[in-house]
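Below is the file protein14.cif, which contains mmCIF, C-alpha atoms.
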```cif
data_entry
loop_
_atom_site.label_atom_id
_atom_site.label_comp_id
_atom_site.auth_asym_id
_atom_site.auth_seq_id
_atom_site.Cartn_x
_atom_site.Cartn_y
_atom_site.Cartn_z
CA MET A 1 64.27 52.22 63.36
CA THR A 2 61.60 53.85 61.19
CA ASP A 3 58.82 51.51 62.34
CA PRO A 4 55.81 53.79 63.08
CA GLU A 5 55.10 52.12 66.41
CA LEU A 6 58.72 52.53 67.53
CA LEU A 7 58.65 56.21 66.51
CA ARG A 8 55.42 56.72 68.46
CA ASP A 9 56.65 55.00 71.62
CA PRO A 10 60.46 54.56 71.63
CA PHE A 11 60.47 54.02 75.42
CA GLY A 12 58.16 51.02 75.17
CA GLY A 13 59.59 49.73 71.88
CA TYR A 14 63.25 49.81 72.86
CA GLY A 15 62.25 48.60 76.32
CA ARG A 16 60.74 45.47 74.78
CA LEU A 17 63.93 44.95 72.78
CA ARG A 18 65.95 45.26 76.00
CA GLU A 19 63.92 42.52 77.66
CA GLN A 20 64.17 40.37 74.53
CA GLY A 21 67.96 40.37 74.85
CA PRO A 22 71.05 42.48 75.54
CA VAL A 23 71.95 42.48 71.83
CA VAL A 24 69.17 42.25 69.23
CA GLY A 25 69.35 42.24 65.43
CA GLY A 26 67.44 44.96 63.59
CA ARG A 27 67.65 47.51 60.81
CA PHE A 28 69.01 51.05 60.69
CA VAL A 29 67.15 54.05 59.25
CA ASP A 30 68.21 53.18 55.69
CA GLY A 31 67.24 49.51 56.16
CA THR A 32 70.76 48.11 56.55
CA PRO A 33 71.37 45.46 59.25
CA VAL A 34 72.43 46.66 62.69
CA TRP A 35 72.88 45.20 66.17
CA PHE A 36 70.95 47.02 68.92
CA VAL A 37 72.76 46.98 72.28
CA THR A 38 70.05 47.64 74.85
CA ARG A 39 71.13 47.23 78.51
CA TYR A 40 72.86 49.75 80.76
CA ASP A 41 76.05 47.86 81.65
CA ASP A 42 76.53 46.62 78.09
CA VAL A 43 75.92 50.06 76.56
CA ARG A 44 78.42 51.68 78.97
CA ALA A 45 80.99 48.99 78.24
CA ALA A 46 80.52 49.35 74.48
CA LEU A 47 80.83 53.15 74.65
CA ARG A 48 84.40 52.73 75.95
CA ASP A 49 85.32 49.65 73.87
CA SER A 50 88.25 50.55 71.60
CA ARG A 51 87.35 47.65 69.29
CA LEU A 52 84.30 49.64 68.16
CA VAL A 53 84.96 52.61 65.88
CA ASN A 54 82.76 55.39 64.52
CA THR A 55 84.32 55.58 61.06
CA PRO A 56 83.71 52.41 59.01
CA SER A 57 86.85 52.94 56.91
CA ASN A 58 88.86 52.35 60.11
CA VAL A 59 87.75 48.72 60.14
CA PRO A 60 90.83 46.72 59.01
CA GLY A 61 90.40 45.30 55.53
CA GLU A 62 87.21 47.28 54.93
CA LYS A 63 87.42 48.46 51.34
CA GLY A 64 83.76 48.65 50.43
CA ALA A 65 81.55 51.69 50.25
CA ASP A 66 81.01 53.67 53.43
CA PRO A 67 77.59 52.46 54.66
CA ARG A 68 76.85 55.98 55.89
CA GLU A 69 76.83 57.10 52.26
CA GLY A 70 73.37 55.54 52.02
CA MET A 71 72.07 58.15 54.44
CA MET A 72 73.77 60.89 52.44
CA GLU A 73 72.02 59.62 49.32
CA LEU A 74 68.66 59.58 51.10
CA LEU A 75 69.19 63.15 52.31
CA GLN A 76 70.43 64.22 48.84
CA VAL A 77 73.54 65.87 50.27
CA PRO A 78 75.86 66.89 47.39
CA GLU A 79 78.82 64.53 47.23
CA HIS A 80 81.47 67.25 47.59
CA LEU A 81 79.88 68.42 50.87
CA ARG A 82 79.42 65.06 52.57
CA GLY A 83 82.74 65.23 54.37
CA TYR A 84 81.39 68.08 56.48
CA LEU A 85 78.78 65.70 57.91
CA LEU A 86 80.80 62.49 57.96
CA GLY A 87 84.08 63.94 59.23
CA SER A 88 82.97 65.59 62.48
CA ILE A 89 84.52 64.97 65.88
CA LEU A 90 81.40 62.89 66.62
CA ASP A 91 82.40 60.41 63.92
CA SER A 92 86.16 60.44 64.36
CA ASP A 93 88.36 57.80 65.98
CA PRO A 94 91.88 57.87 67.45
CA PRO A 95 94.30 59.38 66.58
CA ASP A 96 92.13 62.10 64.99
CA HIS A 97 89.55 62.20 67.77
CA PRO A 98 91.88 63.01 70.70
CA ARG A 99 93.65 65.61 68.51
CA LEU A 100 90.35 67.36 67.68
CA ARG A 101 89.00 67.04 71.20
CA ARG A 102 92.18 68.44 72.70
CA LEU A 103 92.02 71.48 70.42
CA VAL A 104 88.36 72.25 71.07
CA THR A 105 88.66 71.53 74.81
CA ARG A 106 91.31 74.22 74.99
CA ALA A 107 88.64 76.71 73.88
CA PHE A 108 85.68 75.02 75.56
CA THR A 109 86.95 74.88 79.13
CA ALA A 110 84.76 74.12 82.12
CA ARG A 111 85.76 77.45 83.68
CA ARG A 112 84.67 79.32 80.56
CA ILE A 113 81.28 77.57 80.67
CA LEU A 114 80.81 78.20 84.39
CA ASP A 115 81.59 81.88 83.85
CA LEU A 116 78.69 82.00 81.37
CA ARG A 117 76.08 81.32 84.08
CA PRO A 118 75.21 84.99 84.81
CA ARG A 119 74.87 85.68 81.08
CA ILE A 120 72.62 82.63 80.60
CA GLU A 121 70.44 83.82 83.49
CA ARG A 122 70.13 87.32 82.01
CA ILE A 123 69.10 85.93 78.62
CA ALA A 124 66.56 83.61 80.27
CA ASP A 125 65.07 86.47 82.32
CA ARG A 126 64.74 88.68 79.25
CA LEU A 127 63.05 85.99 77.16
CA LEU A 128 60.66 85.05 79.96
CA ALA A 129 59.68 88.68 80.56
CA GLU A 130 58.68 88.88 76.89
CA LEU A 131 56.54 85.71 76.92
CA PRO A 132 53.20 87.39 77.77
CA HIS A 133 53.54 89.42 74.55
CA ARG A 134 53.87 86.15 72.60
CA GLU A 135 50.58 84.63 73.80
CA GLU A 136 47.99 83.45 71.30
CA ASP A 137 44.61 82.24 72.52
CA GLY A 138 45.90 82.41 76.09
CA ALA A 139 48.94 80.17 75.47
CA VAL A 140 52.56 80.61 74.45
CA ASP A 141 54.92 78.17 72.71
CA LEU A 142 57.83 77.67 75.14
CA LEU A 143 60.04 76.02 72.51
CA GLU A 144 59.52 78.78 69.96
CA HIS A 145 59.88 81.73 72.30
CA PHE A 146 62.16 80.51 75.11
CA ALA A 147 63.99 77.18 74.76
CA TYR A 148 65.26 77.69 71.21
CA PRO A 149 66.15 81.40 71.53
CA LEU A 150 67.96 80.75 74.81
CA SER A 151 70.04 77.83 73.53
CA ILE A 152 70.92 79.33 70.13
CA THR A 153 71.87 82.69 71.69
CA VAL A 154 74.15 81.09 74.28
CA ILE A 155 76.00 78.75 71.92
CA CYS A 156 76.37 81.36 69.16
CA GLU A 157 77.79 83.93 71.60
CA LEU A 158 80.21 81.31 72.90
CA VAL A 159 81.35 80.26 69.41
CA GLY A 160 81.44 83.79 67.99
CA ILE A 161 78.46 83.83 65.61
CA PRO A 162 77.20 87.42 65.08
CA ALA A 163 73.89 88.14 66.83
CA ASP A 164 72.30 89.22 63.54
CA ASP A 165 72.72 85.68 62.19
CA LEU A 166 71.00 83.75 65.01
CA ASP A 167 67.75 83.30 63.10
CA ARG A 168 69.61 81.87 60.12
CA TRP A 169 71.35 79.30 62.32
CA ARG A 170 68.11 78.30 63.97
CA GLU A 171 66.53 77.75 60.55
CA TRP A 172 69.54 75.75 59.35
CA GLY A 173 69.39 73.59 62.47
CA GLY A 174 65.73 72.84 61.81
CA ASP A 175 66.56 71.86 58.23
CA LEU A 176 69.31 69.50 59.35
CA VAL A 177 67.32 67.63 62.01
CA SER A 178 64.21 67.45 59.81
CA MET A 179 65.97 64.83 57.62
CA ARG A 180 63.95 66.25 54.71
CA PRO A 181 66.06 66.37 51.53
CA GLU A 182 64.07 69.21 49.98
CA ARG A 183 65.10 71.45 52.88
CA LEU A 184 68.63 70.21 53.45
CA ARG A 185 69.91 70.30 49.88
CA HIS A 186 69.30 74.04 49.70
CA SER A 187 70.40 75.15 53.17
CA PHE A 188 73.47 72.97 53.70
CA PRO A 189 75.67 74.50 50.94
CA VAL A 190 74.76 78.00 52.19
CA MET A 191 75.69 76.98 55.74
CA ILE A 192 79.10 75.70 54.62
CA ASP A 193 79.90 78.85 52.64
CA TYR A 194 78.88 81.00 55.60
CA CYS A 195 81.27 79.16 57.93
CA HIS A 196 84.24 79.52 55.58
CA GLU A 197 83.55 83.25 55.22
CA LEU A 198 83.19 83.67 59.00
CA ILE A 199 86.54 81.95 59.60
CA GLU A 200 88.29 84.31 57.19
CA ARG A 201 86.68 87.39 58.78
CA ARG A 202 87.60 86.24 62.29
CA ARG A 203 91.16 85.33 61.27
CA ALA A 204 91.63 88.96 60.27
CA ALA A 205 90.25 90.25 63.61
CA LEU A 206 90.51 87.73 66.44
CA LYS A 207 88.18 88.13 69.44
CA ASP A 208 87.50 86.50 72.80
CA ASP A 209 85.37 83.65 71.49
CA LEU A 210 85.69 79.96 70.76
CA LEU A 211 86.20 80.41 67.01
CA SER A 212 89.15 82.73 67.65
CA GLU A 213 90.59 80.18 70.08
CA LEU A 214 90.28 77.47 67.42
CA ILE A 215 92.13 79.69 64.95
CA ARG A 216 94.89 80.31 67.52
CA ALA A 217 95.03 76.58 68.25
CA GLN A 218 95.27 75.90 64.51
CA ASP A 219 98.27 78.23 64.26
CA ASP A 220 99.93 76.74 67.36
CA ASP A 221 99.32 73.20 66.10
CA GLY A 222 101.11 73.73 62.82
CA GLY A 223 97.95 73.78 60.77
CA ARG A 224 96.92 70.22 61.61
CA LEU A 225 93.38 71.52 62.21
CA GLY A 226 92.27 72.14 58.64
CA ASP A 227 89.64 74.67 57.58
CA THR A 228 87.27 71.84 56.66
CA GLU A 229 87.68 70.39 60.15
CA MET A 230 87.10 73.82 61.66
CA VAL A 231 83.89 74.33 59.67
CA THR A 232 82.72 70.90 60.74
CA MET A 233 83.53 71.77 64.35
CA ILE A 234 81.44 74.96 64.13
CA LEU A 235 78.51 73.01 62.67
CA THR A 236 78.78 70.35 65.36
CA LEU A 237 79.02 72.76 68.29
CA VAL A 238 76.29 75.16 67.14
CA LEU A 239 73.75 72.78 65.67
CA ALA A 240 74.15 69.82 68.01
CA GLY A 241 74.59 72.11 71.00
CA HIS A 242 71.51 74.27 70.64
CA GLU A 243 69.16 71.51 69.49
CA THR A 244 69.84 69.16 72.41
CA SER A 245 69.74 71.95 75.01
CA ALA A 246 66.48 73.35 73.65
CA HIS A 247 64.82 69.96 73.80
CA LEU A 248 66.14 69.22 77.27
CA ILE A 249 64.30 72.38 78.36
CA GLY A 250 61.17 71.49 76.38
CA ASN A 251 60.99 67.82 77.36
CA GLY A 252 61.97 68.62 80.94
CA THR A 253 59.30 71.29 81.36
CA ALA A 254 56.62 68.94 80.02
CA ALA A 255 57.84 66.19 82.35
CA LEU A 256 57.75 68.41 85.45
CA LEU A 257 54.29 69.77 84.62
CA THR A 258 52.91 66.25 84.28
CA HIS A 259 54.54 65.19 87.56
CA PRO A 260 53.30 67.78 90.05
CA ASP A 261 54.89 65.98 93.01
CA GLN A 262 58.36 66.41 91.46
CA LEU A 263 57.61 70.00 90.47
CA GLU A 264 56.59 70.76 94.05
CA LEU A 265 59.82 69.22 95.36
CA LEU A 266 61.78 71.53 93.08
CA ARG A 267 59.74 74.57 94.10
CA LYS A 268 60.38 73.85 97.78
CA ASP A 269 64.07 73.09 97.32
CA PRO A 270 65.74 74.79 94.31
CA ALA A 271 69.04 73.25 95.45
CA LEU A 272 67.75 70.05 93.81
CA LEU A 273 68.14 71.59 90.35
CA PRO A 274 71.48 69.94 89.43
CA ARG A 275 70.12 66.52 90.42
CA ALA A 276 66.84 67.26 88.63
CA VAL A 277 68.64 68.06 85.37
CA HIS A 278 70.47 64.72 85.51
CA GLU A 279 67.19 62.89 86.09
CA LEU A 280 65.50 64.73 83.24
CA MET A 281 68.41 63.81 80.96
CA ARG A 282 67.87 60.19 81.95
CA TRP A 283 64.09 60.24 81.81
CA CYS A 284 63.33 62.42 78.79
CA GLY A 285 66.60 63.34 77.05
CA SER A 286 66.15 64.07 73.35
CA VAL A 287 68.92 61.74 72.07
CA HIS A 288 67.85 58.10 72.24
CA VAL A 289 70.71 56.40 70.37
CA ALA A 290 74.46 56.96 70.04
CA ARG A 291 76.32 57.26 66.74
CA LEU A 292 76.73 54.00 64.89
CA ARG A 293 79.80 51.97 65.84
CA TYR A 294 81.56 49.33 63.72
CA ALA A 295 83.38 46.24 64.94
CA THR A 296 87.08 46.25 63.98
CA GLU A 297 87.36 42.50 64.60
CA ASP A 298 85.24 39.46 65.32
CA LEU A 299 84.12 39.84 68.93
CA GLU A 300 81.37 39.16 71.46
CA LEU A 301 79.02 41.71 73.00
CA ALA A 302 77.04 40.42 75.99
CA GLY A 303 77.56 36.87 74.71
CA THR A 304 76.44 37.65 71.15
CA PRO A 305 78.97 37.00 68.33
CA ILE A 306 79.60 40.14 66.25
CA ALA A 307 81.46 39.90 62.94
CA ARG A 308 84.16 42.33 61.86
CA GLY A 309 82.53 45.27 60.05
CA ASP A 310 79.09 44.79 61.62
CA ALA A 311 77.23 47.98 62.58
CA ILE A 312 76.28 48.43 66.23
CA GLN A 313 73.58 50.80 67.51
CA LEU A 314 73.93 51.61 71.21
CA VAL A 315 70.46 52.43 72.56
CA LEU A 316 70.77 55.08 75.26
CA VAL A 317 67.06 55.24 76.06
CA SER A 318 66.71 51.54 76.86
CA ALA A 319 69.92 51.69 78.94
CA ASN A 320 68.56 54.65 80.90
CA PHE A 321 65.41 52.67 81.77
CA ASP A 322 67.10 49.35 82.52
CA PRO A 323 65.55 47.82 85.68
CA ARG A 324 68.81 45.88 86.22
CA HIS A 325 70.47 49.20 87.02
CA TYR A 326 67.67 51.43 88.33
CA THR A 327 65.01 50.88 90.96
CA ASP A 328 61.60 51.69 89.45
CA PRO A 329 63.17 53.21 86.31
CA ASP A 330 59.87 54.39 84.81
CA ARG A 331 59.31 56.76 87.74
CA LEU A 332 60.56 60.34 87.41
CA ASP A 333 62.51 61.02 90.62
CA ILE A 334 64.54 64.24 90.80
CA THR A 335 66.28 62.99 93.96
CA ARG A 336 67.52 59.82 92.25
CA HIS A 337 71.03 61.05 91.36
CA GLN A 338 73.00 61.65 94.52
CA GLU A 339 75.03 64.84 94.76
CA GLY A 340 78.77 64.34 94.45
CA GLN A 341 78.50 60.89 92.87
CA ALA A 342 79.52 59.92 89.34
CA GLU A 343 76.99 60.52 86.58
CA ASN A 344 74.45 57.71 86.78
CA HIS A 345 72.99 57.77 83.26
CA VAL A 346 74.18 57.69 79.65
CA GLY A 347 72.19 60.70 78.43
CA PHE A 348 75.46 62.50 77.65
CA GLY A 349 77.17 59.33 76.47
CA HIS A 350 80.30 57.84 78.01
CA GLY A 351 83.93 57.18 77.15
CA ILE A 352 86.00 59.18 74.67
CA HIS A 353 82.89 60.51 72.92
CA TYR A 354 81.30 61.86 76.10
CA CYS A 355 79.36 65.01 75.13
CA LEU A 356 81.64 68.04 74.75
CA GLY A 357 78.78 70.34 75.71
CA ALA A 358 77.51 68.43 78.76
CA THR A 359 78.58 71.13 81.21
CA LEU A 360 76.95 73.84 79.09
CA ALA A 361 73.75 71.81 78.71
CA ARG A 362 73.51 71.33 82.46
CA GLN A 363 74.13 75.04 83.04
CA GLU A 364 71.40 76.00 80.58
CA GLY A 365 68.97 73.47 82.03
CA GLU A 366 69.50 74.62 85.60
CA ALA A 367 69.22 78.30 84.68
CA ALA A 368 66.16 77.74 82.47
CA PHE A 369 64.15 75.72 85.01
CA ALA A 370 65.06 78.07 87.88
CA ALA A 371 63.98 81.13 85.86
CA LEU A 372 60.76 79.46 84.70
CA LEU A 373 59.73 78.61 88.27
CA GLU A 374 60.55 82.13 89.43
CA HIS A 375 58.71 83.95 86.64
CA TYR A 376 55.71 81.66 86.20
CA PRO A 377 55.16 79.45 89.26
CA GLY A 378 51.58 78.74 88.15
CA MET A 379 52.39 77.71 84.57
CA ALA A 380 50.55 74.71 83.13
CA LEU A 381 50.32 72.76 79.88
CA ALA A 382 47.79 74.24 77.49
CA ASP A 383 47.22 70.80 75.93
CA ASP A 384 46.73 67.35 77.36
CA ASP A 385 49.98 65.40 77.71
CA ALA A 386 48.74 62.80 75.20
CA GLU A 387 48.13 65.56 72.65
CA LEU A 388 51.61 67.12 72.75
CA ASP A 389 52.99 67.70 69.26
CA ARG A 390 56.02 65.43 68.99
CA ALA A 391 58.30 64.94 65.99
CA ARG A 392 58.54 61.39 64.63
CA LEU A 393 62.30 61.17 64.09
CA PRO A 394 64.29 57.92 64.48
CA GLY A 395 66.51 57.84 67.56
CA SER A 396 65.14 61.13 68.84
CA TRP A 397 62.54 62.45 71.31
CA ARG A 398 61.60 66.04 70.70
CA LEU A 399 58.57 68.30 70.62
CA ASN A 400 57.55 70.41 67.65
CA SER A 401 55.94 72.85 70.09
CA LEU A 402 55.09 73.15 73.79
CA ARG A 403 52.09 75.38 74.48
CA LEU A 404 51.86 76.69 78.05
CA ARG A 405 49.45 78.80 80.00
CA LEU A 406 51.67 81.08 82.02
CA ARG A 407 49.27 81.66 84.90
CA PRO A 408 46.46 79.64 86.51
#
```
Could I get this file's structure written as structure tokens?
Amino acid sequence: MTDPELLRDPFGGYGRLREQGPVVGGRFVDGTPVWFVTRYDDVRAALRDSRLVNTPSNVPGEKGADPREGMMELLQVPEHLRGYLLGSILDSDPPDHPRLRRLVTRAFTARRILDLRPRIERIADRLLAELPHREEDGAVDLLEHFAYPLSITVICELVGIPADDLDRWREWGGDLVSMRPERLRHSFPVMIDYCHELIERRRAALKDDLLSELIRAQDDDGGRLGDTEMVTMILTLVLAGHETSAHLIGNGTAALLTHPDQLELLRKDPALLPRAVHELMRWCGSVHVARLRYATEDLELAGTPIARGDAIQLVLVSANFDPRHYTDPDRLDITRHQEGQAENHVGFGHGIHYCLGATLARQEGEAAFAALLEHYPGMALADDDAELDRARLPGSWRLNSLRLRLRP
């Protein structure tokens, strides 16, 4: 997964794996063996297969070292803090997973997210009005001055992070996704301490935010949601939530500007926005692989024998471009996903681990693209598409910056 050519062109690389076979042997980031599952139907089936678990210790008879510890060693995460990364809802299995999801869903309701739309639009309008003051050499970085500030402000307000601390959270998020030990080993302990202190402050003065709802749920649930689990939940919601939303906006804007026919469709018919966001999640979503799964028994995936304990990497990007499922999958088509039909991609995952923040991400995407088109209908890339500054991170597709010219 760290092969330079695969990092440069994950669409082509994982696409070649998909055509090589539905299940292909390879190596994870730390070099350990892994099975890549590459095709749409097989990825969807595996995402809801109860024989595959996210926590390796839940494999019957598995008494060896947690293979994820290798990543913790590489990242130089202190041993006493590793549980905050390895014990999140993203890595949990039943019965813990439904318990955690039920508690957070109580605070993260669809109605609450829908009610945020006017606030998201106001934040977007304010940030876009300030963009001309951010220009350097006739261009402005949309990620730096719009996508990131929008996403971190929305999720932190929802969770209950004080506005004065937004910059700290954005910096911590960058440290975490950088996968650079020299950054993470300093910021991660500070992040954990901050969350514990915030929980204690909020417990003493509950508010109308998600953190307060989690504290109430903890009390109602007899304390089964521990403080460590609550800290991990805050980290997951804030860091995973704002990163993926910011890069949906960044990747999506770049995609639309390099496909003027699709951009023109959207300009002429803004009602296409919900369908466009789904297509952008399929075509240029920032998350290319799901969390590792582990086989709890000897089994077969798409005709390939898998041994108990084997690691399985479900490749979302190759599934989302599978010609067996999509007509002309390489073509960006914002009319592809029909209104009122079930979600026709795996950009948000599937099954019990379907993205908790999918509704929020769609809301932010729709509001962001609508506001961009309204404020700057003549915007254009300041750099050639081939020269865009992209991060080389395994399993990810994200820009380091996105320079735009706001007017023709």
Quiz item: Which neighbours of Val159 of chain A fall inside 9 Å, counting all atoms listed in the file, when residues of the same chain fewer than 6 positions from it are skipped, and could you give them as an NGL selection string?
Solution: :A and (209-212 or 234 or 237-238)
Contacts of segment 192-269 of chain A with segment 386-399 of chain A up to 10 Å, shortest pair per row, only C-alpha atoms, as a Markdown table:
```
| residue | atom | partner | partner_atom | distance |
| --- | --- | --- | --- | --- |
| A:Glu243 | CA | A:Arg398 | CA | 9.4 |
| A:Thr244 | CA | A:Arg398 | CA | 9.0 |
| A:Ala246 | CA | A:Arg398 | CA | 9.3 |
| A:His247 | CA | A:Arg398 | CA | 5.9 |
| A:Leu248 | CA | A:Arg398 | CA | 8.6 |
| A:Gly250 | CA | A:Leu399 | CA | 7.1 |
| A:Asn251 | CA | A:Arg398 | CA | 6.9 |
| A:Ala254 | CA | A:Leu388 | CA | 9.0 |
```
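Closest to Arg216 of chain A among A:Arg122, A:Arg362, A:Arg106, A:Arg16 is A:Arg106, based on all atoms listed in the file.
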Quiz item: Within 6 Å of Met379 of chain A, counting all atoms listed in the file, which residues qualify if same-chain residues fewer than 2 places away don't, as number ranges by chain?
Solution: A: 376-377, 405-407
Edge lengths and centre in Å to one decimal, as lines of an AutoDock Vina configuration file, of the axis-aligned box that encloses all listed atoms of segment 28-33 of chain A with 4 Å added on every side?
```
center_x = 69.3
center_y = 49.8
center_z = 58.2
size_x = 12.2
size_y = 16.6
size_z = 13.0
```
Practice problem: Check what the PyMOL selection byres ((chain A and resi 324) around 9) selects in the file above and give those residues as a PyMOL selection string. | Solution: chain A and resi 39-41+321-323+325-327
Quiz item: Could you pull the residues within 8 Å of Asp333 of chain A, counting all atoms listed in the file, minus those fewer than 5 positions along the same chain, as number ranges by chain?
Solution: A: 262, 276, 279
Quiz item: Quick one: of A:Ala367, A:Ile152, A:Ile192, A:Ala295, who's nearest to Ser57 of chain A, counting all atoms listed in the file?
Solution: A:Ala295
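Going from atom CA of Ala139 of chain A to atom CA of Ala382 of chain A covers 6.4 Å.
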Quiz item: So which residues fall inside 12 Å of (68.9, 64.0, 81.3) if we count only C-alpha atoms? Mind giving them as a ChimeraX atom specification?
Solution: /A:244-245,247-252,255,273-288,316-317,320-321,332-334,336-337,343-349,358,361-362,365-366,397
Quiz prompt | Residue among A:Val34, A:Ala302, A:Val154, A:Leu75 lying closest to Arg117 of chain A, counting only C-alpha atoms | solution = A:Val154
